[in-house]
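Shown next: coords.pdb, containing PDB, C-alpha atoms.
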ATOM      1  CA  MET M   4       0.000   0.000   0.000
ATOM      2  CA  ARG M   5       1.426   3.382  -0.979
ATOM      3  CA  ARG M   6      -0.119   5.942   1.324
ATOM      4  CA  GLN M   7       0.285   9.423   2.754
ATOM      5  CA  ILE M   8       2.212   9.702   6.018
ATOM      6  CA  ILE M   9       3.817  12.429   8.114
ATOM      7  CA  SER M  10       7.550  13.158   7.878
ATOM      8  CA  ILE M  11       9.396  15.280  10.483
ATOM      9  CA  ASP M  12      12.596  17.218   9.767
ATOM     10  CA  GLU M  13      14.442  16.997  13.086
ATOM     11  CA  THR M  14      16.782  19.843  12.090
ATOM     12  CA  LYS M  15      13.804  22.213  12.031
ATOM     13  CA  CYS M  16      11.848  20.748  14.956
ATOM     14  CA  THR M  17      12.185  22.695  18.213
ATOM     15  CA  GLY M  18      10.171  20.271  20.325
ATOM     16  CA  CYS M  19       7.516  22.895  21.081
ATOM     17  CA  GLY M  20       4.740  20.272  21.044
ATOM     18  CA  GLU M  21       2.274  22.460  19.125
ATOM     19  CA  CYS M  22       1.674  19.566  16.691
ATOM     20  CA  ILE M  23       0.614  17.052  19.357
ATOM     21  CA  PRO M  24      -3.037  18.193  19.812
ATOM     22  CA  GLY M  25      -3.412  18.186  16.027
ATOM     23  CA  CYS M  26      -2.800  14.417  15.851
ATOM     24  CA  PRO M  27      -6.069  12.688  16.815
ATOM     25  CA  GLU M  28      -4.489   9.257  16.439
ATOM     26  CA  GLY M  29      -1.917   9.890  19.182
ATOM     27  CA  ALA M  30       0.900   8.947  16.799
ATOM     28  CA  LEU M  31       3.066  11.962  17.745
ATOM     29  CA  GLN M  32       4.961  12.546  20.974
ATOM     30  CA  VAL M  33       7.731  14.924  22.038
ATOM     31  CA  ILE M  34      10.620  12.731  23.163
ATOM     32  CA  ASP M  35      14.119  13.954  23.993
ATOM     33  CA  GLY M  36      13.250  17.431  22.786
ATOM     34  CA  LYS M  37      11.930  16.460  19.331
ATOM     35  CA  ALA M  38       8.522  15.600  17.904
ATOM     36  CA  ARG M  39       8.498  11.907  17.009
ATOM     37  CA  LEU M  40       6.170   9.755  14.959
ATOM     38  CA  VAL M  41       6.034   6.835  17.397
ATOM     39  CA  SER M  42       3.887   4.605  15.200
ATOM     40  CA  ASP M  43       3.332   4.526  11.428
ATOM     41  CA  LEU M  44       0.322   2.324  12.074
ATOM     42  CA  PHE M  45      -1.872   5.082  13.473
ATOM     43  CA  CYS M  46      -0.780   8.010  11.300
ATOM     44  CA  ASP M  47      -3.647   8.647   8.879
ATOM     45  CA  GLY M  48      -1.510  10.943   6.707
ATOM     46  CA  LEU M  49      -4.176  13.655   6.524
ATOM     47  CA  GLY M  50      -1.786  16.282   7.865
ATOM     48  CA  ALA M  51      -3.946  17.738  10.646
ATOM     49  CA  CYS M  52      -0.770  18.366  12.646
ATOM     50  CA  ILE M  53       1.089  20.289   9.927
ATOM     51  CA  GLY M  54      -0.735  23.591  10.393
ATOM     52  CA  HIS M  55       0.250  23.678  14.059
ATOM     53  CA  CYS M  56       4.000  23.488  13.376
ATOM     54  CA  PRO M  57       5.531  27.000  13.596
ATOM     55  CA  THR M  58       8.854  26.016  11.987
ATOM     56  CA  GLY M  59       7.681  24.049   8.940
ATOM     57  CA  ALA M  60       9.308  20.854  10.211
ATOM     58  CA  MET M  61       6.400  18.632   9.165
ATOM     59  CA  LYS M  62       5.261  17.536   5.743
ATOM     60  CA  ILE M  63       3.286  14.745   4.105
ATOM     61  CA  GLU M  64       5.232  12.224   2.088
ATOM     62  CA  SER M  65       4.018   9.276   0.059
ATOM     63  CA  ARG M  66       5.727   5.950   0.614
ATOM     64  CA  GLU M  67       5.056   2.236   0.628
ATOM     65  CA  ALA M  68       3.413   1.160   3.891
ATOM     66  CA  GLU M  69       1.455  -1.975   3.028
ATOM     67  CA  PRO M  70       1.593  -4.592   4.271
ATOM     68  CA  TYR M  71       2.610  -3.035   7.557
ATOM     69  CA  ASP M  72       5.994  -4.385   8.619
ATOM     70  CA  GLU M  73       6.592  -3.891  12.334
ATOM     71  CA  LYS M  74      10.202  -5.097  12.241
ATOM     72  CA  ARG M  75      11.008  -2.753   9.368
ATOM     73  CA  VAL M  76       9.540   0.188  11.259
ATOM     74  CA  MET M  77      11.563  -0.786  14.320
ATOM     75  CA  HIS M  78      14.758  -1.002  12.245
ATOM     76  CA  GLU M  79      14.317   2.113  10.127
ATOM     77  CA  SER M  80      12.689   4.482  12.581
ATOM     78  CA  ILE M  81      12.032   3.474  16.154
ATOM     79  CA  VAL M  82      15.336   1.967  17.336
ATOM     80  CA  LYS M  83      17.335   4.887  15.954
ATOM     81  CA  GLY M  84      15.455   7.204  18.309
ATOM     82  CA  GLY M  85      16.819   5.487  21.413
ATOM     83  CA  ALA M  86      15.313   3.796  24.449
ATOM     84  CA  ASN M  87      12.674   6.466  25.126
ATOM     85  CA  VAL M  88      11.316   6.272  21.574
ATOM     86  CA  ILE M  89      11.279   2.456  21.733
ATOM     87  CA  ALA M  90       9.365   2.580  25.027
ATOM     88  CA  ALA M  91       6.847   5.076  23.623
ATOM     89  CA  HIS M  92       6.270   2.901  20.553
ATOM     90  CA  LEU M  93       5.734  -0.237  22.633
ATOM     91  CA  ARG M  94       3.279   1.591  24.902
ATOM     92  CA  HIS M  95       1.491   2.856  21.768
ATOM     93  CA  LEU M  96       0.981  -0.728  20.541
ATOM     94  CA  ILE M  97      -0.151  -1.853  23.995
ATOM     95  CA  GLU M  98      -2.690   0.959  24.317
ATOM     96  CA  HIS M  99      -4.189   0.078  20.922
ATOM     97  CA  ASN M 100      -4.265  -3.650  21.759
ATOM     98  CA  GLU M 101      -1.992  -4.446  18.786
ATOM     99  CA  GLN M 102      -0.696  -7.634  20.385
ATOM    100  CA  GLY M 103       0.531  -9.147  17.113
ATOM    101  CA  TYR M 104       2.640  -6.108  16.234
ATOM    102  CA  LEU M 105       3.801  -5.832  19.853
ATOM    103  CA  GLN M 106       5.134  -9.378  19.718
ATOM    104  CA  GLN M 107       6.920  -8.647  16.435
ATOM    105  CA  ALA M 108       8.536  -5.573  18.003
ATOM    106  CA  LEU M 109       9.661  -7.549  21.035
ATOM    107  CA  ASP M 110      11.014 -10.313  18.791
ATOM    108  CA  TYR M 111      13.020  -7.721  16.848
ATOM    109  CA  LEU M 112      14.520  -6.301  20.038
ATOM    110  CA  LYS M 113      15.493  -9.803  21.149
ATOM    111  CA  GLU M 114      17.028 -10.650  17.762
ATOM    112  CA  GLN M 115      19.118  -7.461  17.820
ATOM    113  CA  GLY M 116      20.166  -7.887  21.445
ATOM    114  CA  ILE M 117      18.442  -4.632  22.449
ATOM    115  CA  ALA M 118      17.043  -4.436  25.950
ATOM    116  CA  ASN M 119      13.292  -3.965  26.312
ATOM    117  CA  PRO M 120      12.950  -0.550  28.022
ATOM    118  CA  LEU M 121       9.555  -1.416  29.514
ATOM    119  CA  PRO M 122       9.138  -3.500  32.660
ATOM    120  CA  PRO M 123       7.415  -6.889  32.143
ATOM    121  CA  PRO M 124       4.057  -5.821  33.645
ATOM    122  CA  SER M 125       3.753  -3.039  31.056
ATOM    123  CA  VAL M 126       4.290  -5.442  28.184
ATOM    124  CA  ARG M 127       1.650  -7.769  29.557
ATOM    125  CA  ALA M 128      -0.982  -5.075  29.987
ATOM    126  CA  PRO M 129      -3.024  -4.732  26.768
ATOM    127  CA  HIS M 130      -5.587  -1.993  26.366
ATOM    128  CA  ARG M 131      -8.989  -3.190  27.508
ATOM    129  CA  HIS M 132     -12.505  -1.821  27.271
ATOM    130  CA  GLY M 133     -13.037   1.001  29.735
ATOM    131  CA  THR M 134      -9.375   2.014  30.063
ATOM    132  CA  HIS M 135      -6.987   4.059  28.018
ATOM    133  CA  GLY M 136      -3.513   5.500  28.254
ATOM    134  CA  GLY M 137      -1.970   8.416  26.361
ATOM    135  CA  GLY M 138      -2.993   9.724  22.967
ATOM    136  CA  CYS M 139      -6.539  10.453  21.873
ATOM    137  CA  PRO M 140      -9.103   8.205  23.645
ATOM    138  CA  GLY M 141     -11.548   8.739  20.784
ATOM    139  CA  SER M 142      -9.385   6.823  18.296
ATOM    140  CA  LYS M 143      -7.976   4.079  20.510
ATOM    141  CA  MET M 144      -8.800   0.530  19.509
ATOM    142  CA  VAL M 145     -11.389  -1.200  21.717
ATOM    143  CA  ASP M 146     -12.684  -4.734  21.173
ATOM    144  CA  PHE M 147     -16.095  -5.004  22.849
ATOM    145  CA  ARG M 148     -16.281  -8.752  22.216
ATOM    146  CA  ASP M 149     -13.951  -9.392  25.158
ATOM    147  CA  SER M 150     -16.502  -8.129  27.676
ATOM    148  CA  GLY M 151     -19.340 -10.248  26.328
ATOM    149  CA  SER M 152     -21.359  -7.189  25.352
ATOM    150  CA  SER M 153     -20.984  -4.091  23.254
ATOM    151  CA  SER M 154     -20.899  -1.649  26.160
ATOM    152  CA  ASP M 155     -20.822  -1.336  29.935
ATOM    153  CA  ALA M 156     -24.020  -1.902  31.893
ATOM    154  CA  ALA M 157     -26.527   0.842  31.128
ATOM    155  CA  PRO M 158     -27.771   3.171  33.882
ATOM    156  CA  ALA M 159     -31.091   2.193  35.418
ATOM    157  CA  HIS M 160     -33.049   4.914  33.585
ATOM    158  CA  LEU M 161     -31.737   3.559  30.247
ATOM    159  CA  ALA M 162     -32.221  -0.119  31.024
ATOM    160  CA  ALA M 163     -35.126  -0.440  28.574
ATOM    161  CA  SER M 164     -33.073   0.847  25.631
ATOM    162  CA  PRO M 165     -32.275  -1.675  22.878
ATOM    163  CA  ALA M 166     -28.850  -3.274  23.228
ATOM    164  CA  SER M 167     -26.062  -2.011  20.982
ATOM    165  CA  SER M 168     -24.620  -4.478  18.477
ATOM    166  CA  LEU M 169     -21.384  -2.517  18.086
ATOM    167  CA  ARG M 170     -18.394  -4.860  18.511
ATOM    168  CA  GLN M 171     -15.481  -2.433  18.248
ATOM    169  CA  TRP M 172     -14.083   1.094  18.222
ATOM    170  CA  PRO M 173     -13.123   3.015  16.094
ATOM    171  CA  ILE M 174     -15.472   2.520  13.155
ATOM    172  CA  GLN M 175     -14.574   5.253  10.624
ATOM    173  CA  LEU M 176     -12.705   3.641   7.748
ATOM    174  CA  HIS M 177      -9.830   6.161   7.881
ATOM    175  CA  LEU M 178      -9.241   5.331  11.559
ATOM    176  CA  VAL M 179      -9.530   1.539  11.688
ATOM    177  CA  SER M 180      -6.560  -0.786  11.411
ATOM    178  CA  PRO M 181      -7.281  -3.350   8.656
ATOM    179  CA  GLN M 182      -5.581  -6.084  10.702
ATOM    180  CA  ALA M 183      -7.400  -5.336  13.972
ATOM    181  CA  PRO M 184      -8.397  -8.523  15.838
ATOM    182  CA  TYR M 185     -12.130  -7.897  15.438
ATOM    183  CA  PHE M 186     -11.770  -7.988  11.624
ATOM    184  CA  GLN M 187     -10.062 -11.396  11.614
ATOM    185  CA  GLY M 188     -12.376 -13.912   9.914
ATOM    186  CA  SER M 189     -15.364 -11.591  10.352
ATOM    187  CA  ASP M 190     -18.343 -10.624   8.256
ATOM    188  CA  LEU M 191     -17.804  -6.932   7.473
ATOM    189  CA  LEU M 192     -20.569  -4.344   7.291
ATOM    190  CA  LEU M 193     -19.443  -1.326   5.273
ATOM    191  CA  ALA M 194     -22.104   1.312   5.853
ATOM    192  CA  ALA M 195     -22.677   4.778   4.485
ATOM    193  CA  ASP M 196     -22.516   7.384   7.250
ATOM    194  CA  CYS M 197     -26.191   8.308   6.881
ATOM    195  CA  ALA M 198     -27.594   4.767   6.893
ATOM    196  CA  ALA M 199     -27.806   4.256  10.655
ATOM    197  CA  PHE M 200     -29.736   7.522  11.060
ATOM    198  CA  ALA M 201     -32.340   6.496   8.493
ATOM    199  CA  VAL M 202     -33.069   2.980   9.793
ATOM    200  CA  GLY M 203     -34.700   2.872  13.224
ATOM    201  CA  ASP M 204     -33.541  -0.653  14.040
ATOM    202  CA  PHE M 205     -30.225  -0.477  12.193
ATOM    203  CA  HIS M 206     -28.274  -2.319  14.907
ATOM    204  CA  ALA M 207     -30.620  -5.293  15.090
ATOM    205  CA  LYS M 208     -31.231  -5.418  11.358
ATOM    206  CA  PHE M 209     -27.721  -5.037   9.958
ATOM    207  CA  MET M 210     -24.989  -5.003  12.629
ATOM    208  CA  SER M 211     -25.559  -8.131  14.703
ATOM    209  CA  GLY M 212     -22.462 -10.352  14.616
ATOM    210  CA  LYS M 213     -20.606  -8.132  12.147
ATOM    211  CA  SER M 214     -17.504  -5.973  12.290
ATOM    212  CA  LEU M 215     -18.176  -2.430  11.102
ATOM    213  CA  ALA M 216     -16.627   0.331   9.026
ATOM    214  CA  ILE M 217     -18.380   3.533   7.952
ATOM    215  CA  ALA M 218     -17.539   5.965   5.163
ATOM    216  CA  CYS M 219     -18.993   8.629   2.900
ATOM    217  CA  PRO M 220     -17.876   8.461  -0.747
ATOM    218  CA  LYS M 221     -19.072  12.024  -1.387
ATOM    219  CA  LEU M 222     -17.449  13.910   1.499
ATOM    220  CA  ASP M 223     -14.475  11.786   2.568
ATOM    221  CA  SER M 224     -11.033  12.282   1.044
ATOM    222  CA  GLU M 225      -8.230   9.876   0.071
ATOM    223  CA  MET M 226     -10.484   7.209  -1.452
ATOM    224  CA  GLU M 227      -7.413   5.228  -2.543
ATOM    225  CA  ILE M 228      -6.664   4.625   1.135
ATOM    226  CA  TYR M 229     -10.134   3.122   1.540
ATOM    227  CA  VAL M 230      -9.450   0.787  -1.383
ATOM    228  CA  ASP M 231      -6.121  -0.322   0.091
ATOM    229  CA  LYS M 232      -7.562  -0.842   3.563
ATOM    230  CA  LEU M 233     -10.404  -2.998   2.268
ATOM    231  CA  ALA M 234      -7.965  -5.021   0.152
ATOM    232  CA  ALA M 235      -5.845  -5.574   3.268
ATOM    233  CA  MET M 236      -8.917  -6.708   5.229
ATOM    234  CA  ILE M 237      -9.708  -9.207   2.492
ATOM    235  CA  ASP M 238      -6.186 -10.622   2.179
ATOM    236  CA  LEU M 239      -4.653 -10.179   5.627
ATOM    237  CA  SER M 240      -7.676 -10.378   7.938
ATOM    238  CA  HIS M 241      -9.474 -12.979   5.794
ATOM    239  CA  ILE M 242     -12.910 -11.411   6.165
ATOM    240  CA  ASN M 243     -15.668 -13.789   5.082
ATOM    241  CA  THR M 244     -18.243 -11.483   3.484
ATOM    242  CA  ILE M 245     -18.862  -7.797   2.866
ATOM    243  CA  THR M 246     -22.296  -6.241   3.264
ATOM    244  CA  VAL M 247     -22.458  -2.731   1.779
ATOM    245  CA  ALA M 248     -25.328  -0.653   3.206
ATOM    246  CA  ILE M 249     -25.942   2.473   1.128
ATOM    247  CA  MET M 250     -28.653   5.094   0.792
ATOM    248  CA  GLU M 251     -30.741   5.414  -2.378
ATOM    249  CA  VAL M 252     -29.040   8.704  -3.324
ATOM    250  CA  PRO M 253     -26.672   8.389  -6.315
ATOM    251  CA  CYS M 254     -23.474   9.467  -4.523
ATOM    252  CA  CYS M 255     -23.748   6.522  -2.122
ATOM    253  CA  GLY M 256     -23.056   4.151  -4.998
ATOM    254  CA  GLY M 257     -19.430   5.175  -4.671
ATOM    255  CA  LEU M 258     -19.053   2.701  -1.788
ATOM    256  CA  MET M 259     -19.778  -0.143  -4.188
ATOM    257  CA  SER M 260     -17.091   1.186  -6.539
ATOM    258  CA  ILE M 261     -14.578   1.274  -3.671
ATOM    259  CA  VAL M 262     -15.346  -2.355  -2.822
ATOM    260  CA  ALA M 263     -15.027  -3.346  -6.485
ATOM    261  CA  GLU M 264     -11.585  -1.697  -6.698
ATOM    262  CA  ALA M 265     -10.494  -3.397  -3.477
ATOM    263  CA  LEU M 266     -11.492  -6.796  -4.836
ATOM    264  CA  LYS M 267      -9.417  -6.140  -7.970
ATOM    265  CA  LYS M 268      -6.350  -5.497  -5.812
ATOM    266  CA  ALA M 269      -6.952  -8.379  -3.393
ATOM    267  CA  SER M 270      -5.794 -11.917  -4.059
ATOM    268  CA  ARG M 271      -8.844 -13.405  -2.321
ATOM    269  CA  LYS M 272     -12.443 -13.080  -3.440
ATOM    270  CA  VAL M 273     -15.298 -12.675  -0.977
ATOM    271  CA  PRO M 274     -19.082 -12.537  -1.460
ATOM    272  CA  VAL M 275     -20.573  -9.025  -1.486
ATOM    273  CA  LYS M 276     -24.140  -8.137  -0.514
ATOM    274  CA  LYS M 277     -25.613  -4.799  -1.597
ATOM    275  CA  VAL M 278     -28.324  -3.245   0.578
ATOM    276  CA  VAL M 279     -30.054  -0.093  -0.646
ATOM    277  CA  ILE M 280     -31.952   1.958   1.961
ATOM    278  CA  SER M 281     -34.583   4.606   1.237
ATOM    279  CA  LEU M 282     -34.545   8.076   2.768
ATOM    280  CA  LYS M 283     -37.297   6.864   5.108
ATOM    281  CA  GLY M 284     -35.292   3.862   6.249
ATOM    282  CA  GLU M 285     -36.937   1.150   4.165
ATOM    283  CA  THR M 286     -34.885  -1.612   2.555
ATOM    284  CA  LEU M 287     -35.413  -1.091  -1.171
ATOM    285  CA  LYS M 288     -33.045  -3.811  -2.369
ATOM    286  CA  GLU M 289     -30.973  -6.534  -0.789
ATOM    287  CA  GLU M 290     -28.979  -8.784  -3.111
ATOM    288  CA  TRP M 291     -25.674 -10.622  -3.506
ATOM    289  CA  VAL M 292     -23.747  -9.128  -6.393
ATOM    290  CA  LEU M 293     -20.910 -10.336  -8.612
ATOM    291  CA  MET M 294     -17.868  -8.059  -8.628
TER     292      MET M 294
END

Structure encoded using structure tokens:
Amino acid sequence: MRRQIISIDETKCTGCGECIPGCPEGALQVIDGKARLVSDLFCDGLGACIGHCPTGAMKIESREAEPYDEKRVMHESIVKGGANVIAAHLRHLIEHNEQGYLQQALDYLKEQGIANPLPPPSVRAPHRHGTHGGGCPGSKMVDFRDSGSSSDAAPAHLAASPASSLRQWPIQLHLVSPQAPYFQGSDLLLAADCAAFAVGDFHAKFMSGKSLAIACPKLDSEMEIYVDKLAAMIDLSHINTITVAIMEVPCCGGLMSIVAEALKKASRKVPVKKVVISLKGETLKEEWVLM
């Protein structure tokens, strides 16, 4: 996958930290007096942090980043930053429950004879539902399946509300990791942003037992990233099926085009179901399509 990602010129960086609030993914930290990209995995490449940099030290570059290679990132970026950068990167993976990548990072350190800067309890403490560490809590990975339900117990005055079928967080396609554990072997629901607001029983009707990603083909940018992420879900996470829930308006058909492009790039083929929803929330069409 060739994608957009942030690059930092350390000769220009003063370590002021003005860029940190502009990174919703929590991929930036000031370490040893310089802004550091502590994880390629959670940099969306949209450049929200660039406008906050007073010295022009940040820019967007395009480079190959798919499939994600944790050991390569460790070798080319993280280890060179020293023990503090290594520790920050490991904590970043722990907080996002990226246990597979964490193990690859630890294996790399062992292979290179580099001491793990984190104490054993830190390495064994994955991010769980209801807790979070540094970075932006709104974009941290949470797998609701571990708790046996989609959310904590509801307050008494909300006890009669229908149960949520949401199995994970985040859900926006730009923010999700295509190799997140909840995508592994799952049935994926790719829904237009507006769909859940139109259908009164959207959770029960479409979301039960499915992993979820939402997107808007009209307003979202970087559609090629969507294509690459879906292709990675198909090949690397081995999703079983894709259900595409779109509104009847013409622009929503762009989600089907994104899926079609992803299937062209992927080596696996998966069944695709198209669901068309009216502006009043009625299911106008529901069919398996050939792509």

>> Quick check, in Å to one decimal: how far apart do CA of Gly188 (chain M) and CA of Ile228 (chain M) lie?
In response: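 The value is 21.3 Å.
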
> What does the distance from CA of Ile117 (chain M) to CA of Leu96 (chain M) come to in Å, to one decimal?
Replying inline: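 Separation of CA of Ile117 (chain M) and CA of Leu96 (chain M): 18.0 Å.
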
>> My list of candidates is M:Leu105, M:Ile34, M:Val273, M:Val179. Which is closest to Ala86 (chain M) when distances are computed with only C-alpha atoms?
In response: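 Of M:Leu105, M:Ile34, M:Val273, M:Val179, the one nearest Ala86 (chain M) is M:Ile34, counting only C-alpha atoms.
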
> What does the PyMOL selection byres ((chain M and resi 212-226) around 9) select in this file, as JSON, numbers by chain?
Replying inline: {"M": [7, 49, 168, 169, 170, 171, 172, 173, 174, 175, 176, 177, 179, 185, 186, 189, 190, 191, 192, 193, 194, 195, 196, 197, 209, 210, 211, 227, 228, 229, 230, 231, 254, 255, 256, 257, 258, 261]}

Box for region 238-253 of chain M: with edges along x, y and z, all listed atoms inside and 3 Å added on each side, what are the centre and edge lengths in Å to one decimal, as AutoDock Vina command-line options?
--center_x -17.7 --center_y -2.5 --center_z 0.8 --size_x 32.1 --size_y 28.5 --size_z 20.3

>> What's around Leu239 (chain M) at 12 Å? Count all atoms listed in the file, leave out sequence neighbours fewer than 5 positions away in its own chain, and write the answer as JSON, numbers by chain.
In response: {"M": [69, 70, 71, 180, 181, 182, 183, 184, 186, 187, 188, 189, 231, 232, 233, 234, 269, 270, 271]}

>> Just the number, please: distance in Å from CA of Leu266 (chain M) to CA of Leu178 (chain M), one decimal.
In response: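 Spanning CA of Leu266 (chain M) to CA of Leu178 (chain M) is a straight-line distance of 20.5 Å.
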
>> List as number ranges by chain the protein and nucleic acid residues near Phe200 (chain M), meaning an atom at most 10 Å away when all atoms listed in the file are counted, but skip any in the same chain fewer than 6 places from it.
In response: M: 282-284

>> Please list as JSON, numbers by chain every residue within 9 Å of Trp291 (chain M), counting only C-alpha atoms and excluding residues in the same chain fewer than 2 positions away.
In response: {"M": [246, 274, 275, 276, 277, 278, 289, 293]}

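Nearest residue to Val262 (chain M) among M:Ile245, M:Ser42, M:Pro24, M:Cys52 is M:Ile245, counting all atoms listed in the file.
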
> Got a sec: who's within 12 Å of Gln115 (chain M), counting all atoms listed in the file, leaving out chain neighbours fewer than 6 positions off, as a list in words?
Replying inline: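 So the residues in contact are Lys74, Met77, His78, Val82, Ala108 and Leu109 of chain M.
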
Please write the residues picked by the PyMOL selection byres ((chain M and resi 59) around 12) on this file as a PDB file with C-alpha atoms, in the coordinates of the input.
ATOM      1  CA  SER M  10       7.550  13.158   7.878  1.00  0.00           C
ATOM      2  CA  ILE M  11       9.396  15.280  10.483  1.00  0.00           C
ATOM      3  CA  ASP M  12      12.596  17.218   9.767  1.00  0.00           C
ATOM      4  CA  GLU M  13      14.442  16.997  13.086  1.00  0.00           C
ATOM      5  CA  THR M  14      16.782  19.843  12.090  1.00  0.00           C
ATOM      6  CA  LYS M  15      13.804  22.213  12.031  1.00  0.00           C
ATOM      7  CA  CYS M  16      11.848  20.748  14.956  1.00  0.00           C
ATOM      8  CA  THR M  17      12.185  22.695  18.213  1.00  0.00           C
ATOM      9  CA  GLU M  21       2.274  22.460  19.125  1.00  0.00           C
ATOM     10  CA  CYS M  22       1.674  19.566  16.691  1.00  0.00           C
ATOM     11  CA  CYS M  52      -0.770  18.366  12.646  1.00  0.00           C
ATOM     12  CA  ILE M  53       1.089  20.289   9.927  1.00  0.00           C
ATOM     13  CA  GLY M  54      -0.735  23.591  10.393  1.00  0.00           C
ATOM     14  CA  HIS M  55       0.250  23.678  14.059  1.00  0.00           C
ATOM     15  CA  CYS M  56       4.000  23.488  13.376  1.00  0.00           C
ATOM     16  CA  PRO M  57       5.531  27.000  13.596  1.00  0.00           C
ATOM     17  CA  THR M  58       8.854  26.016  11.987  1.00  0.00           C
ATOM     18  CA  ALA M  60       9.308  20.854  10.211  1.00  0.00           C
ATOM     19  CA  MET M  61       6.400  18.632   9.165  1.00  0.00           C
ATOM     20  CA  LYS M  62       5.261  17.536   5.743  1.00  0.00           C
ATOM     21  CA  ILE M  63       3.286  14.745   4.105  1.00  0.00           C
TER      22      ILE M  63
END

I want to know what sits within 7 Å of region 30-33 of chain M, based on all atoms listed in the file, with residues of the same chain fewer than 5 positions away left out; could you give that as a CSV table (one decimal) with C-alpha atoms, in the coordinates of the input?
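What ended up in selection.csv:
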chain,number,residue,atom,x,y,z
M,18,GLY,CA,10.2,20.3,20.3
M,20,GLY,CA,4.7,20.3,21.0
M,23,ILE,CA,0.6,17.1,19.4
M,38,ALA,CA,8.5,15.6,17.9
M,39,ARG,CA,8.5,11.9,17.0
M,40,LEU,CA,6.2,9.8,15.0
M,41,VAL,CA,6.0,6.8,17.4
M,42,SER,CA,3.9,4.6,15.2
M,45,PHE,CA,-1.9,5.1,13.5
M,46,CYS,CA,-0.8,8.0,11.3

> Counting only C-alpha atoms, which of M:Asn87, M:Arg6, M:Gly50, M:Pro253 gets nearest to Ser281 (chain M)?
Replying inline: M:Pro253
